[in-house]
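Listing of work-v6.txt; format and content: compact mmCIF, C-alpha atoms.
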```txt
# COMPACT_ATOMS: atom_id res chain seq x y z
CA MET A 603 8.13 -8.59 7.41
CA LYS A 604 6.22 -7.30 4.43
CA GLN A 605 2.61 -6.34 3.75
CA ILE A 606 1.29 -7.27 0.35
CA GLU A 607 -1.75 -5.49 -1.04
CA ALA A 608 -3.12 -7.05 -4.19
CA ILE A 609 -6.03 -5.70 -6.20
CA ILE A 610 -7.33 -8.51 -8.37
CA ARG A 611 -10.32 -9.37 -10.53
CA THR A 612 -13.18 -10.57 -8.36
CA SER A 613 -13.62 -13.50 -10.74
CA LYS A 614 -10.08 -14.71 -9.90
CA PHE A 615 -10.42 -14.51 -6.10
CA ASP A 616 -11.32 -18.18 -5.45
CA GLU A 617 -8.41 -19.38 -7.60
CA VAL A 618 -5.96 -17.04 -5.86
CA LYS A 619 -7.26 -18.04 -2.42
CA GLN A 620 -6.80 -21.74 -3.23
CA ALA A 621 -3.33 -21.17 -4.66
CA LEU A 622 -2.28 -19.21 -1.54
CA HIS A 623 -3.47 -22.07 0.68
CA GLU A 624 -1.45 -24.51 -1.42
CA ILE A 625 1.76 -22.57 -0.65
CA ASP A 626 0.84 -22.39 3.07
CA ILE A 627 -0.28 -18.76 3.10
CA ASP A 628 -3.41 -19.32 5.15
CA PHE A 629 -4.05 -15.98 6.83
CA PHE A 630 -5.07 -12.88 4.91
CA SER A 631 -7.84 -10.31 4.79
CA PHE A 632 -9.90 -9.36 1.77
CA TRP A 633 -12.51 -6.80 0.83
CA GLU A 634 -14.74 -6.09 -2.10
CA ALA A 635 -13.44 -2.92 -3.70
CA THR A 636 -14.51 -0.64 -6.50
CA GLY A 637 -12.00 1.41 -8.40
CA ILE A 638 -11.35 3.45 -11.45
CA GLY A 639 -8.64 2.01 -13.68
CA ASN A 640 -6.77 2.75 -16.85
CA GLU A 641 -9.10 0.76 -19.10
CA ILE A 642 -9.25 2.24 -22.56
CA HIS A 643 -12.95 1.74 -23.29
CA LYS A 644 -14.86 3.41 -20.50
CA ALA A 645 -18.55 3.68 -21.18
CA GLU A 646 -21.97 2.33 -20.42
CA ARG A 647 -22.53 -0.99 -22.14
CA ILE A 648 -25.83 -2.81 -22.55
CA TYR A 649 -25.85 -6.56 -21.96
CA ARG A 650 -29.12 -8.49 -22.08
CA GLY A 651 -31.08 -5.31 -21.56
CA ALA A 652 -29.12 -4.21 -18.48
CA ILE A 653 -26.84 -1.18 -18.52
CA ASN A 654 -23.37 -1.90 -17.16
CA ASP A 655 -21.23 1.07 -16.19
CA THR A 656 -17.65 0.09 -17.02
CA THR A 657 -16.12 3.19 -15.43
CA ASN A 658 -16.38 1.63 -11.95
CA ILE A 659 -14.57 -1.68 -11.79
CA PRO A 660 -15.42 -4.29 -9.11
CA ARG A 661 -12.28 -5.87 -7.65
CA THR A 662 -11.13 -7.75 -4.58
CA LEU A 663 -8.44 -6.25 -2.35
CA LEU A 664 -6.21 -8.73 -0.51
CA THR A 665 -3.98 -7.75 2.39
CA ILE A 666 -1.36 -10.29 3.44
CA VAL A 667 1.48 -9.87 5.95
CA VAL A 668 4.31 -12.36 5.40
CA ARG A 669 7.77 -13.05 6.70
CA ASP A 670 10.49 -11.85 4.33
CA LYS A 671 11.31 -15.41 3.30
CA ASN A 672 7.71 -15.89 2.03
CA LEU A 673 7.48 -12.64 0.06
CA ARG A 674 8.61 -13.83 -3.36
CA LYS A 675 6.59 -17.07 -3.38
CA THR A 676 3.47 -15.15 -2.31
CA VAL A 677 3.85 -12.45 -4.97
CA ASP A 678 4.64 -15.05 -7.64
CA CYS A 679 1.57 -17.05 -6.61
CA ILE A 680 -0.71 -14.01 -7.02
CA LEU A 681 0.95 -12.93 -10.28
CA ASN A 682 0.57 -16.37 -11.84
CA THR A 683 -2.93 -17.13 -10.57
CA ALA A 684 -4.57 -13.72 -11.10
CA HIS A 685 -3.08 -13.24 -14.57
CA THR A 686 -5.38 -13.28 -17.60
CA GLY A 687 -3.29 -11.12 -19.91
CA GLU A 688 -6.14 -8.66 -20.32
CA VAL A 689 -6.32 -5.02 -19.28
CA GLY A 690 -7.55 -4.82 -15.69
CA ASP A 691 -5.76 -7.81 -14.15
CA GLY A 692 -4.84 -5.64 -11.16
CA ARG A 693 -1.85 -4.45 -9.14
CA ILE A 694 0.36 -5.68 -6.31
CA PHE A 695 2.00 -3.37 -3.77
CA VAL A 696 4.55 -4.34 -1.12
CA LYS A 697 5.26 -2.34 2.06
CA ASN A 698 7.58 -2.81 5.01
CA VAL A 699 5.99 -3.82 8.31
CA GLU A 700 7.80 -2.51 11.37
CA GLU A 701 6.27 -4.86 13.94
CA SER A 702 3.56 -7.48 14.34
CA TRP A 703 1.86 -8.83 17.48
CA LYS A 704 -0.38 -11.86 17.93
CA ILE A 705 -2.94 -10.83 20.53
CA ARG A 706 -3.83 -14.35 21.75
CA ASN A 707 -0.39 -15.28 23.04
CA LYS A 708 1.37 -11.89 22.86
CA THR A 709 4.12 -13.11 20.54
CA SER A 710 5.78 -10.56 18.29
CA GLY A 711 7.87 -10.34 15.15
CA ASP A 712 8.14 -13.33 12.81
CA ASP A 713 6.75 -15.66 15.51
CA SER A 714 3.47 -13.73 15.46
CA LEU A 715 2.99 -14.74 11.81
CA MET A 716 3.47 -18.45 12.32
CA GLY A 717 0.48 -20.67 11.79
CA ILE A 718 -0.47 -23.71 13.84
CA HIS A 719 1.55 -26.09 11.63
CA GLU A 720 4.68 -23.94 11.84
CA ASN A 721 4.40 -23.67 15.62
CA GLN A 722 4.09 -27.48 15.89
CA GLU A 723 7.18 -27.93 13.69
CA LYS A 724 9.10 -25.42 15.80
CA MET A 725 8.16 -27.25 19.01
CA GLU A 726 9.21 -30.62 17.53
CA THR A 727 12.59 -29.15 16.50
CA VAL A 728 13.19 -27.84 20.04
CA ASN A 729 12.31 -31.21 21.63
```
Translate this file's structure into structure tokens.
Amino acid sequence: MKQIEAIIRTSKFDEVKQALHEIDIDFFSFWEATGIGNEIHKAERIYRGAINDTTNIPRTLLTIVVRDKNLRKTVDCILNTAHTGEVGDGRIFVKNVEESWKIRNKTSGDDSLMGIHENQEKMETVN
């Protein structure tokens, strides 16, 4: 199992969320985050009379735990959907997950990451 942490533009979150649902990645956590990036032009900018501080960048942080077989399609989905080609598109990090438990039914490992549809398919295969 792998944990994916993706820091993306807040403006791309809804697109990324929809794209993840389309590839059956339905469970993830997200937070509003503020960071300091490598943007070249850091300064206060005035837009319509309001001062915008561009040194602190609003982003959305996604955390997704997936089975190994879903890693590549999930990363590719985020890369393709969050991409604008501009500085500040974000970063993706992947970490190993030693163990996972689903509290409701006490399943562990890959089974703990299965959604309702996958569990139904598994039951139909057994029967």
Problem - Straight-line distance linking atom CA of Ile638 of chain A with atom CA of Gly690 of chain A, stated in Å to one decimal - result: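 About the pair atom CA of Ile638 of chain A and atom CA of Gly690 of chain A: they are 10.0 Å apart.
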Handout entry: Nearest candidate to Arg611 of chain A (options A:Ala684, A:Cys679, A:Val668, A:Val696; using only C-alpha atoms)
Key = A:Ala684
Exercise for the section: Select, from A:Ile625, A:Leu715, A:Asp691, A:Ile705, the residue with the minimum atom-to-atom distance to Thr662 of chain A, counting only C-alpha atoms. Expected result: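 Using only C-alpha atoms, the shortest distance to Thr662 of chain A belongs to A:Asp691.
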Handout entry: Top pick for closest residue to Gly692 of chain A, considering A:Lys619, A:Lys671, A:Arg706, A:Lys614 and counting only C-alpha atoms
Key = A:Lys614
Practice task
Would you please work out which residue, of A:Asn707, A:Thr612, A:Asp628, A:Asn658, is nearest to Thr676 of chain A when using all atoms listed in the file?
Solution key: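 Selected residue with least distance to Thr676 of chain A: A:Asp628.
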